[in-house]
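S.K.: Contents of upload37.cif (mmCIF, C-alpha atoms) are given next:
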data_input
loop_
_atom_site.label_atom_id
_atom_site.label_comp_id
_atom_site.auth_asym_id
_atom_site.auth_seq_id
_atom_site.Cartn_x
_atom_site.Cartn_y
_atom_site.Cartn_z
CA MET A 1 -28.11 -0.64 37.66
CA THR A 2 -31.68 -0.80 36.41
CA ASP A 3 -31.58 1.71 33.54
CA PRO A 4 -32.06 -0.36 30.33
CA HIS A 5 -29.98 2.02 28.22
CA THR A 6 -26.98 1.85 30.58
CA LEU A 7 -27.25 -1.92 30.84
CA ALA A 8 -27.46 -2.23 27.05
CA ARG A 9 -24.31 -0.15 26.59
CA TRP A 10 -22.43 -2.37 29.05
CA ARG A 11 -23.74 -5.46 27.24
CA LEU A 12 -22.26 -4.17 23.98
CA VAL A 13 -18.91 -3.56 25.67
CA LEU A 14 -18.69 -6.84 27.60
CA GLY A 15 -20.12 -9.28 25.09
CA LYS A 16 -22.49 -12.23 25.43
CA GLY A 17 -20.89 -13.42 28.66
CA ALA A 18 -22.46 -10.45 30.44
CA GLU A 19 -25.93 -11.93 29.95
CA ALA A 20 -25.19 -14.53 32.65
CA HIS A 21 -25.12 -11.62 35.09
CA GLY A 22 -28.36 -10.07 33.90
CA ILE A 23 -26.76 -7.47 31.66
CA THR A 24 -28.64 -7.50 28.35
CA CYS A 25 -29.76 -5.27 25.51
CA GLU A 26 -33.43 -5.85 26.25
CA GLY A 27 -35.43 -2.67 26.33
CA ASP A 28 -33.09 -0.74 24.04
CA GLY A 29 -33.97 -1.27 20.40
CA GLU A 30 -30.98 0.62 19.01
CA ALA A 31 -28.52 -1.40 21.10
CA GLN A 32 -30.18 -4.62 19.97
CA ARG A 33 -29.76 -3.50 16.36
CA VAL A 34 -26.09 -2.67 16.95
CA GLU A 35 -25.55 -6.08 18.53
CA GLN A 36 -27.18 -7.78 15.56
CA LEU A 37 -24.91 -5.96 13.10
CA VAL A 38 -21.76 -6.62 15.11
CA GLY A 39 -22.82 -10.23 15.58
CA PHE A 40 -23.15 -10.58 11.81
CA LEU A 41 -19.40 -10.05 11.57
CA PHE A 42 -18.21 -12.15 14.49
CA ASP A 43 -20.79 -14.91 14.97
CA GLU A 44 -19.05 -17.62 12.99
CA SER A 45 -21.82 -20.18 13.29
CA LYS A 46 -23.68 -18.21 10.61
CA GLY A 47 -22.82 -16.90 7.16
CA LYS A 48 -20.37 -18.01 4.54
CA SER A 49 -17.10 -17.34 6.32
CA LYS A 50 -16.01 -20.00 8.84
CA ASN A 51 -12.67 -18.53 9.79
CA ARG A 52 -11.97 -19.17 13.45
CA ARG A 53 -11.05 -16.24 15.66
CA HIS A 54 -8.14 -16.24 18.07
CA SER A 55 -9.05 -17.85 21.40
CA GLY A 56 -8.69 -14.56 23.27
CA ASP A 57 -11.20 -12.65 21.14
CA ARG A 58 -14.50 -11.49 22.58
CA ASP A 59 -17.64 -13.47 21.74
CA THR A 60 -20.25 -10.97 20.61
CA GLY A 61 -23.12 -13.41 20.53
CA GLY A 62 -25.16 -11.27 18.13
CA GLU A 63 -28.24 -12.62 16.41
CA SER A 64 -27.66 -12.40 12.66
CA ASP A 65 -30.37 -14.78 11.37
CA GLY A 66 -32.14 -13.44 8.32
CA LEU A 67 -29.58 -10.69 7.69
CA SER A 68 -27.93 -10.68 4.25
CA VAL A 69 -24.75 -8.85 3.26
CA PRO A 70 -26.69 -6.14 1.33
CA ASP A 71 -29.04 -5.65 4.30
CA TRP A 72 -26.05 -5.38 6.64
CA VAL A 73 -24.29 -2.80 4.46
CA ASP A 74 -27.40 -0.61 4.25
CA ALA A 75 -28.02 -0.84 8.02
CA VAL A 76 -24.41 0.00 8.93
CA ASN A 77 -24.44 2.99 6.56
CA ASP A 78 -27.55 4.30 8.31
CA LEU A 79 -26.63 3.56 11.91
CA PHE A 80 -22.90 4.18 12.36
CA PRO A 81 -20.69 7.28 11.98
CA GLN A 82 -18.06 7.35 9.22
CA GLN A 83 -15.07 6.11 11.23
CA SER A 84 -16.95 3.21 12.80
CA LYS A 85 -18.53 2.34 9.47
CA GLU A 86 -15.14 2.08 7.76
CA ILE A 87 -13.79 -0.23 10.46
CA MET A 88 -16.82 -2.52 10.26
CA GLN A 89 -16.72 -2.62 6.47
CA LYS A 90 -13.07 -3.67 6.60
CA GLU A 91 -14.09 -6.53 8.88
CA LEU A 92 -16.91 -7.46 6.50
CA VAL A 93 -14.48 -7.74 3.61
CA ARG A 94 -12.01 -9.70 5.73
CA ARG A 95 -14.44 -12.14 7.31
CA ARG A 96 -17.43 -12.92 5.10
CA GLY A 97 -19.64 -12.14 2.14
CA ILE A 98 -16.84 -12.14 -0.47
CA ALA A 99 -18.94 -13.97 -3.05
CA ASP A 100 -21.71 -11.37 -2.76
CA LEU A 101 -19.22 -8.53 -3.17
CA LEU A 102 -17.67 -10.07 -6.29
CA GLU A 103 -20.97 -10.92 -7.96
CA LYS A 104 -22.96 -7.75 -7.20
CA PRO A 105 -21.47 -4.45 -8.40
CA GLU A 106 -24.32 -2.50 -6.79
CA LEU A 107 -23.23 -3.85 -3.39
CA LEU A 108 -19.56 -3.17 -4.02
CA GLU A 109 -20.41 0.48 -4.76
CA LYS A 110 -21.71 0.91 -1.20
CA ILE A 111 -18.45 -0.14 0.48
CA GLU A 112 -16.05 2.67 1.41
CA PRO A 113 -12.82 2.15 -0.62
CA ASN A 114 -9.99 1.04 1.67
CA MET A 115 -6.81 -1.05 1.64
CA GLU A 116 -8.56 -4.18 2.93
CA LEU A 117 -11.03 -3.99 0.05
CA VAL A 118 -8.21 -3.47 -2.46
CA LYS A 119 -6.40 -6.57 -1.19
CA THR A 120 -9.61 -8.61 -1.46
CA LEU A 121 -10.29 -7.42 -5.01
CA MET A 122 -6.72 -8.15 -6.08
CA THR A 123 -6.84 -11.64 -4.58
CA HIS A 124 -10.18 -12.61 -6.12
CA ARG A 125 -10.21 -10.62 -9.34
CA ASP A 126 -10.33 -13.78 -11.49
CA LEU A 127 -13.72 -14.63 -9.93
CA MET A 128 -15.34 -11.34 -10.91
CA ASN A 129 -17.83 -10.89 -13.70
CA PRO A 130 -16.92 -8.23 -16.31
CA LYS A 131 -19.09 -5.50 -14.77
CA THR A 132 -17.66 -6.05 -11.28
CA ARG A 133 -14.11 -6.08 -12.68
CA VAL A 134 -14.61 -2.60 -14.17
CA LEU A 135 -15.88 -1.31 -10.82
CA ALA A 136 -13.05 -3.05 -8.94
CA ARG A 137 -10.51 -1.26 -11.11
CA LYS A 138 -12.12 2.10 -10.27
CA ILE A 139 -12.03 1.30 -6.55
CA ILE A 140 -8.37 0.28 -6.67
CA ASP A 141 -7.57 3.41 -8.66
CA GLN A 142 -9.33 5.59 -6.06
CA VAL A 143 -7.41 4.07 -3.15
CA VAL A 144 -4.11 4.27 -5.05
CA GLU A 145 -4.66 7.96 -5.85
CA GLN A 146 -5.50 8.73 -2.22
CA LEU A 147 -2.34 7.01 -1.05
CA LYS A 148 -0.23 8.69 -3.72
CA LYS A 149 -1.45 12.16 -2.72
CA ARG A 150 -0.66 11.37 0.91
CA MET A 151 2.86 10.22 0.08
CA GLN A 152 3.92 12.28 -2.90
CA MET A 153 4.72 15.71 -1.50
CA GLN A 154 6.91 14.53 1.36
CA VAL A 155 8.68 11.86 -0.70
CA GLU A 156 9.43 14.33 -3.49
CA GLN A 157 10.70 17.00 -1.12
CA VAL A 158 13.03 14.62 0.70
CA ILE A 159 14.57 13.04 -2.39
CA ILE A 160 14.77 16.16 -4.54
CA GLY A 161 16.39 17.98 -1.65
CA ALA A 162 19.05 15.26 -1.54
CA ILE A 163 19.61 15.21 -5.30
CA ARG A 164 19.90 18.95 -5.50
CA LYS A 165 20.80 20.54 -2.16
CA ASP A 166 20.44 23.93 -3.80
CA ARG A 167 17.67 23.15 -6.21
CA HIS A 168 17.63 26.53 -7.92
CA SER A 169 20.44 28.72 -9.18
CA PRO A 170 20.72 32.48 -9.76
CA ARG A 171 22.42 31.68 -13.07
CA LYS A 172 19.83 32.39 -15.76
CA VAL A 173 20.59 29.67 -18.33
CA PHE A 174 17.61 28.96 -20.57
CA ARG A 175 18.28 25.22 -20.91
CA ASN A 176 18.04 24.95 -17.10
CA LEU A 177 14.64 26.69 -16.90
CA ASP A 178 12.37 25.11 -14.27
CA LEU A 179 9.11 25.80 -16.07
CA LYS A 180 6.90 23.88 -13.64
CA THR A 181 8.08 25.83 -10.59
CA THR A 182 8.03 29.12 -12.48
CA LEU A 183 4.39 28.65 -13.45
CA ARG A 184 3.33 27.46 -10.00
CA ARG A 185 5.02 30.30 -8.11
CA ASN A 186 3.54 32.96 -10.42
CA LEU A 187 -0.06 31.73 -10.52
CA LYS A 188 -0.96 34.52 -8.11
CA ASN A 189 -0.22 36.97 -10.93
CA PHE A 190 -2.78 35.51 -13.34
CA ASP A 191 -5.03 38.21 -14.82
CA ARG A 192 -8.51 36.83 -15.47
CA GLU A 193 -9.60 39.73 -17.70
CA SER A 194 -6.76 39.41 -20.18
CA GLY A 195 -6.22 35.68 -19.65
CA LYS A 196 -2.49 36.27 -19.22
CA LEU A 197 0.00 35.15 -16.62
CA PHE A 198 2.46 37.85 -15.60
CA VAL A 199 5.81 36.39 -14.53
CA ASP A 200 7.83 38.40 -12.05
CA GLN A 201 10.15 35.60 -10.91
CA VAL A 202 11.81 32.91 -13.05
CA PHE A 203 13.41 29.76 -11.61
CA PHE A 204 16.36 27.86 -13.04
CA PHE A 205 17.77 24.50 -12.05
CA ALA A 206 21.23 24.46 -10.54
CA ALA A 207 24.18 23.06 -12.47
CA GLU A 208 23.92 19.80 -10.48
CA ARG A 209 21.11 18.87 -12.83
CA LYS A 210 23.79 17.96 -15.36
CA LYS A 211 25.02 15.07 -13.24
CA LYS A 212 24.19 11.54 -14.28
CA PRO A 213 20.78 10.48 -12.91
CA TRP A 214 20.30 8.08 -10.06
CA HIS A 215 18.84 4.71 -11.01
CA VAL A 216 16.33 3.19 -8.58
CA VAL A 217 15.52 -0.47 -9.18
CA VAL A 218 12.49 -1.72 -7.24
CA VAL A 219 12.25 -5.52 -7.09
CA VAL A 220 8.97 -6.85 -5.63
CA ASP A 221 8.13 -10.35 -4.40
CA GLN A 222 4.56 -11.19 -5.48
CA SER A 223 3.84 -13.74 -2.75
CA GLY A 224 0.50 -13.35 -0.98
CA SER A 225 2.00 -12.16 2.31
CA MET A 226 3.52 -9.16 0.51
CA MET A 227 0.24 -7.91 -0.97
CA GLU A 228 0.01 -4.60 0.90
CA SER A 229 3.70 -3.91 0.31
CA THR A 230 3.14 -4.59 -3.40
CA VAL A 231 0.49 -1.85 -3.49
CA PHE A 232 2.78 0.68 -1.83
CA SER A 233 5.73 -0.40 -4.00
CA SER A 234 3.90 0.31 -7.24
CA ILE A 235 2.87 3.75 -5.94
CA MET A 236 6.39 4.59 -4.73
CA ALA A 237 7.87 3.52 -8.06
CA SER A 238 5.44 5.78 -9.92
CA ILE A 239 6.47 8.72 -7.68
CA PHE A 240 10.17 8.00 -8.24
CA ALA A 241 9.59 7.91 -12.00
CA GLU A 242 8.26 11.50 -11.94
CA LEU A 243 11.30 12.93 -10.15
CA PRO A 244 14.04 14.82 -11.99
CA ALA A 245 17.49 13.22 -12.21
CA MET A 246 16.07 9.79 -11.35
CA LYS A 247 15.52 6.75 -13.54
CA THR A 248 13.23 4.05 -12.14
CA SER A 249 12.78 0.35 -12.94
CA LEU A 250 10.04 -1.86 -11.47
CA ILE A 251 10.41 -5.63 -11.46
CA LEU A 252 7.79 -8.10 -10.19
CA TYR A 253 8.67 -11.73 -9.65
CA ASP A 254 7.57 -15.13 -8.43
CA THR A 255 9.35 -18.03 -10.14
CA ARG A 256 9.40 -15.78 -13.21
CA VAL A 257 10.40 -12.16 -13.71
CA VAL A 258 8.18 -9.44 -15.21
CA ASP A 259 9.62 -6.01 -16.01
CA MET A 260 6.87 -3.41 -15.46
CA SER A 261 9.09 -0.36 -15.99
CA ASP A 262 7.14 0.76 -19.04
CA GLN A 263 3.95 0.99 -16.94
CA LEU A 264 5.29 3.02 -14.02
CA GLY A 265 2.84 5.85 -14.65
CA GLN A 266 -0.14 3.49 -14.25
CA PRO A 267 0.18 1.78 -10.87
CA VAL A 268 -3.34 0.36 -11.19
CA ASP A 269 -2.34 -1.44 -14.40
CA VAL A 270 0.61 -2.90 -12.51
CA LEU A 271 -1.55 -4.08 -9.61
CA MET A 272 -4.18 -5.67 -11.86
CA LYS A 273 -1.42 -7.85 -13.35
CA VAL A 274 0.08 -8.97 -10.05
CA GLN A 275 -0.06 -12.76 -9.63
CA LEU A 276 -0.29 -13.36 -5.90
CA GLY A 277 0.89 -16.55 -4.22
CA GLY A 278 2.99 -19.45 -5.41
CA GLY A 279 6.75 -19.89 -5.21
CA ASN A 280 9.46 -17.33 -5.76
CA ASP A 281 13.01 -17.11 -7.06
CA THR A 282 14.63 -13.96 -5.69
CA ALA A 283 18.06 -14.79 -7.10
CA LEU A 284 16.60 -14.91 -10.62
CA ALA A 285 14.96 -11.49 -10.11
CA LEU A 286 18.19 -9.99 -8.77
CA LYS A 287 20.16 -11.36 -11.73
CA TYR A 288 17.68 -9.72 -14.09
CA ALA A 289 18.00 -6.45 -12.16
CA THR A 290 21.79 -6.70 -12.37
CA GLY A 291 21.49 -6.67 -16.16
CA LEU A 292 19.71 -3.30 -16.02
CA ILE A 293 22.42 -1.54 -14.01
CA ARG A 294 24.89 0.66 -15.91
CA GLN A 295 26.29 2.91 -13.14
CA PRO A 296 26.50 0.83 -9.92
CA ALA A 297 27.75 3.75 -7.81
CA ARG A 298 24.60 5.74 -8.68
CA THR A 299 22.15 2.86 -8.32
CA ILE A 300 19.86 2.04 -5.39
CA LEU A 301 18.23 -1.39 -5.46
CA VAL A 302 15.16 -1.85 -3.24
CA LEU A 303 14.20 -5.50 -2.67
CA ILE A 304 10.73 -5.97 -1.16
CA SER A 305 10.35 -9.53 0.08
CA ASP A 306 9.66 -11.75 3.08
CA PHE A 307 13.04 -13.43 2.35
CA TYR A 308 11.59 -16.96 2.39
CA GLU A 309 13.42 -18.86 -0.32
CA GLY A 310 12.71 -22.47 0.52
CA ASP A 311 15.71 -24.77 0.33
CA GLY A 312 19.31 -23.92 1.19
CA PRO A 313 20.67 -23.53 -2.38
CA ALA A 314 17.96 -20.98 -3.26
CA GLU A 315 18.75 -18.90 -0.18
CA LYS A 316 22.48 -19.09 -0.87
CA ALA A 317 21.94 -17.98 -4.48
CA MET A 318 20.00 -14.94 -3.26
CA VAL A 319 22.60 -13.98 -0.66
CA ASP A 320 25.44 -14.46 -3.18
CA GLN A 321 23.70 -12.21 -5.71
CA VAL A 322 23.15 -9.50 -3.07
CA LYS A 323 26.83 -9.72 -2.12
CA TYR A 324 27.86 -9.39 -5.78
CA LEU A 325 25.73 -6.27 -6.22
CA GLY A 326 27.12 -4.75 -3.03
CA ASP A 327 30.69 -5.49 -4.11
CA CYS A 328 29.97 -3.69 -7.40
CA GLY A 329 28.99 -0.54 -5.50
CA VAL A 330 25.18 -0.78 -5.68
CA ARG A 331 23.42 0.52 -2.55
CA LEU A 332 21.00 -2.12 -1.29
CA ILE A 333 17.79 -1.76 0.73
CA GLY A 334 15.71 -4.78 1.75
CA LEU A 335 12.13 -4.17 2.89
CA ALA A 336 10.30 -6.85 4.85
CA ALA A 337 7.22 -4.59 4.70
CA LEU A 338 6.30 -1.23 3.20
CA GLY A 339 3.18 0.63 4.32
CA TYR A 340 1.50 2.47 7.17
CA ASP A 341 -0.02 -0.52 8.98
CA ALA A 342 2.18 -3.32 7.69
CA ARG A 343 2.80 -6.22 10.06
CA PRO A 344 5.83 -8.00 8.63
CA PHE A 345 6.26 -11.74 8.77
CA TYR A 346 9.66 -12.52 7.33
CA ASN A 347 12.62 -14.87 7.54
CA LYS A 348 14.80 -13.15 10.13
CA PRO A 349 17.82 -15.52 9.86
CA THR A 350 17.98 -14.84 6.12
CA ALA A 351 17.60 -11.11 6.74
CA VAL A 352 20.62 -11.27 9.06
CA LYS A 353 22.65 -12.95 6.30
CA LEU A 354 21.67 -10.21 3.87
CA LYS A 355 22.73 -7.53 6.34
CA LYS A 356 26.15 -9.15 6.64
CA VAL A 357 26.72 -8.87 2.88
CA GLY A 358 25.73 -5.20 2.68
CA MET A 359 21.93 -4.87 2.53
CA ASP A 360 20.07 -2.55 4.92
CA VAL A 361 16.93 -4.50 5.98
CA LEU A 362 14.02 -2.29 7.09
CA VAL A 363 10.33 -2.31 7.93
CA CYS A 364 9.12 1.20 7.23
CA THR A 365 6.62 3.71 5.93
CA PRO A 366 7.03 5.21 2.43
CA GLU A 367 8.35 8.44 3.94
CA LYS A 368 10.96 6.55 5.96
CA LEU A 369 12.09 4.75 2.81
CA ALA A 370 12.45 8.13 1.07
CA GLU A 371 14.57 9.43 3.97
CA CYS A 372 16.80 6.35 3.78
CA MET A 373 17.27 6.84 0.03
CA ALA A 374 18.00 10.55 0.58
CA GLU A 375 20.78 9.65 3.02
CA ILE A 376 22.31 7.38 0.39
CA ILE A 377 22.09 10.07 -2.30
CA ARG A 378 23.64 12.70 -0.06
CA GLY A 379 26.50 10.28 0.63
#
Represent the structure from my file as structure tokens, please.
M.R.:
Amino acid sequence: MTDPHTLARWRLVLGKGAEAHGITCEGDGEAQRVEQLVGFLFDESKGKSKNRRHSGDRDTGGESDGLSVPDWVDAVNDLFPQQSKEIMQKELVRRRGIADLLEKPELLEKIEPNMELVKTLMTHRDLMNPKTRVLARKIIDQVVEQLKKRMQMQVEQVIIGAIRKDRHSPRKVFRNLDLKTTLRRNLKNFDRESGKLFVDQVFFFAAERKKKPWHVVVVVDQSGSMMESTVFSSIMASIFAELPAMKTSLILYDTRVVDMSDQLGQPVDVLMKVQLGGGNDTALALKYATGLIRQPARTILVLISDFYEGDGPAEKAMVDQVKYLGDCGVRLIGLAALGYDARPFYNKPTAVKLKKVGMDVLVCTPEKLAECMAEIIRG
């Protein structure tokens, strides 16, 4: 092959090793620019981040001398399509330039909001200046809202369907009026000229609404490895709190326990108070949760943890507390990871012990968790 453009494309695919066989980017300015930008991420001899890559990763060999993080962000925004840009920006956040991002709000504004950026901002929020902290909160809020919209409809449908198999009733009892559904279903009848909504169909909740509500207790390990699951947990808890016939409690813990139930409607407030890393005492958190339970048979406890408890007595205390809750009639779900791309790293021997005393241990998406809870509610 002698066509410079074809050779340049193969050079980008194969990496620096291809140059030994005469395959280079020479003669193709755009390919050279792409190689420089990709090299900025993966050439670890340059820049602030010195994290070593796995031995099997490709060596890009890009020239990144003289390229700053702001320059790189501007160039990537100009050169790459949206999907590629988002992937590269995630790698930027993961690999290098964190100090620049935290110190320069104008740079942070150029990065597409994503989960990797949220995790970085949560981890390093104490290093931010006040202006960057305000912007970081807006970014986290944007990502949280996007995730909540993605999850909410399906989660609500699954769980409400389980709570109330026949959600609506032909019995027209005023105290059971479902005003929200009535308004939504009749919006098509809104008359713009008069400013009035004409209602031709009214919806009432079924009598099952009178049953005692289900209590969902979400207990979240704040260790660093559970960061992504912590984000999804706070969102799920806020969705649960909005459902009819469901009471929700949210508990965060490390070696201490913090009850965030009064802030369920503000998942961003919850996330900005998460203290990542350090030790943990799951048994202490479960004992606190036990004190909140009034109707064990109508309670679902969701423990989100990697199940690493350190020494033997701590693990035994956790398993004993799970067994006690199960014996009382509480339905128990243990999540080693919660999210769409979660890669769980958890203590499998401990998870097996928890299964033996009555806890279902899962790694799942939010929708899968909702389906599991719906099965429990349906009995």
S.K.: At a cut-off of 9 Å from (18.2, -15.8, -5.3) in the coordinates of the file, what residues are picked up using all atoms listed in the file, written as a count of residues only?
M.R.: 19
S.K.: Could you pull the residues within 12 Å of A:Met153, counting only C-alpha atoms, minus those fewer than 3 positions along the same chain, as a list in words?
M.R.: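 Listing them by chain and then by number gives Leu147, Lys148, Lys149, Arg150, Glu156, Gln157, Val158, Ile159, Ile160, Gly161, Met236, Ile239, Phe240, Glu242, Leu243, Pro366, Glu367 and Ala370 of chain A.
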S.K.: In Å to one decimal, how far is atom CA of A:Gly339 from atom CA of A:Ile140?
M.R.: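 Calculated distance between atom CA of A:Ile140 and atom CA of A:Gly339 is 15.9 Å.
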S.K.: Find the spatial neighbours of A:Val202, counting all atoms listed in the file, within a cut-off of 10 Å - ignore same-chain residues fewer than 6 positions away - and output them as a PyMOL selection string.
M.R.: chain A and resi 170+172+177-179+181-183+185-186
S.K.: Evaluated on this file, the PyMOL selection byres ((chain A and resi 326) around 10) picks out some residues - which ones are they, written as a compact mmCIF listing (two decimals) with C-alpha atoms, in the coordinates of the input?
M.R.:
# COMPACT_ATOMS: atom_id res chain seq x y z
CA PRO A 296 26.50 0.83 -9.92
CA ALA A 297 27.75 3.75 -7.81
CA LEU A 301 18.23 -1.39 -5.46
CA ASP A 320 25.44 -14.46 -3.18
CA GLN A 321 23.70 -12.21 -5.71
CA VAL A 322 23.15 -9.50 -3.07
CA LYS A 323 26.83 -9.72 -2.12
CA TYR A 324 27.86 -9.39 -5.78
CA LEU A 325 25.73 -6.27 -6.22
CA ASP A 327 30.69 -5.49 -4.11
CA CYS A 328 29.97 -3.69 -7.40
CA GLY A 329 28.99 -0.54 -5.50
CA VAL A 330 25.18 -0.78 -5.68
CA ARG A 331 23.42 0.52 -2.55
CA LEU A 332 21.00 -2.12 -1.29
CA VAL A 357 26.72 -8.87 2.88
CA GLY A 358 25.73 -5.20 2.68
CA MET A 359 21.93 -4.87 2.53
S.K.: Could you tell me, as a PyMOL selection string, which residues have any atom at most 12 Å from (18.6, -12.8, 6.9), counting all atoms listed in the file?
M.R.: chain A and resi 305-309+315-316+318-319+322+334-336+346-362
S.K.: Quick one: residues within 10 Å of A:Ala8, only C-alpha atoms counted, chain neighbours fewer than 6 positions away excluded, as number ranges by chain?
M.R.: A: 14, 23-32, 35
S.K.: Write the residues of the preceding selection, restricted to C-alpha atoms, as a PDB file, in the frame of the given file.
M.R.:
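Final output, saved to result.pdb:
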ATOM      1  CA  LEU A  14     -18.690  -6.840  27.600  1.00  0.00           C
ATOM      2  CA  ILE A  23     -26.760  -7.470  31.660  1.00  0.00           C
ATOM      3  CA  THR A  24     -28.640  -7.500  28.350  1.00  0.00           C
ATOM      4  CA  CYS A  25     -29.760  -5.270  25.510  1.00  0.00           C
ATOM      5  CA  GLU A  26     -33.430  -5.850  26.250  1.00  0.00           C
ATOM      6  CA  GLY A  27     -35.430  -2.670  26.330  1.00  0.00           C
ATOM      7  CA  ASP A  28     -33.090  -0.740  24.040  1.00  0.00           C
ATOM      8  CA  GLY A  29     -33.970  -1.270  20.400  1.00  0.00           C
ATOM      9  CA  GLU A  30     -30.980   0.620  19.010  1.00  0.00           C
ATOM     10  CA  ALA A  31     -28.520  -1.400  21.100  1.00  0.00           C
ATOM     11  CA  GLN A  32     -30.180  -4.620  19.970  1.00  0.00           C
ATOM     12  CA  GLU A  35     -25.550  -6.080  18.530  1.00  0.00           C
TER      13      GLU A  35
END
S.K.: Between A:Thr132, A:Ser233, A:Ser84, A:Asn77, single out the one closest to A:Leu102, counting only C-alpha atoms.
M.R.: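 Closest residue, counting only C-alpha atoms: A:Thr132.
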S.K.: Hey, which of A:Met88, A:Ala75, A:Phe198, A:Leu7 ends up closest to A:Asn114? Count all atoms listed in the file.
M.R.: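 Checking each candidate against A:Asn114, we get A:Met88 as the closest.
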S.K.: Selection in question (the file shown): the PyMOL selection byres ((chain A and resi 258) around 12). Which residues does it include, as a ChimeraX atom specification?
M.R.: /A:218-222,249-257,259-263,270,273-275,284-286,288-289
S.K.: Could you save the residues just selected, with C-alpha atoms, as a compact mmCIF listing (two decimals), in the frame of the given file?
M.R.:
# COMPACT_ATOMS: atom_id res chain seq x y z
CA VAL A 218 12.49 -1.72 -7.24
CA VAL A 219 12.25 -5.52 -7.09
CA VAL A 220 8.97 -6.85 -5.63
CA ASP A 221 8.13 -10.35 -4.40
CA GLN A 222 4.56 -11.19 -5.48
CA SER A 249 12.78 0.35 -12.94
CA LEU A 250 10.04 -1.86 -11.47
CA ILE A 251 10.41 -5.63 -11.46
CA LEU A 252 7.79 -8.10 -10.19
CA TYR A 253 8.67 -11.73 -9.65
CA ASP A 254 7.57 -15.13 -8.43
CA THR A 255 9.35 -18.03 -10.14
CA ARG A 256 9.40 -15.78 -13.21
CA VAL A 257 10.40 -12.16 -13.71
CA ASP A 259 9.62 -6.01 -16.01
CA MET A 260 6.87 -3.41 -15.46
CA SER A 261 9.09 -0.36 -15.99
CA ASP A 262 7.14 0.76 -19.04
CA GLN A 263 3.95 0.99 -16.94
CA VAL A 270 0.61 -2.90 -12.51
CA LYS A 273 -1.42 -7.85 -13.35
CA VAL A 274 0.08 -8.97 -10.05
CA GLN A 275 -0.06 -12.76 -9.63
CA LEU A 284 16.60 -14.91 -10.62
CA ALA A 285 14.96 -11.49 -10.11
CA LEU A 286 18.19 -9.99 -8.77
CA TYR A 288 17.68 -9.72 -14.09
CA ALA A 289 18.00 -6.45 -12.16
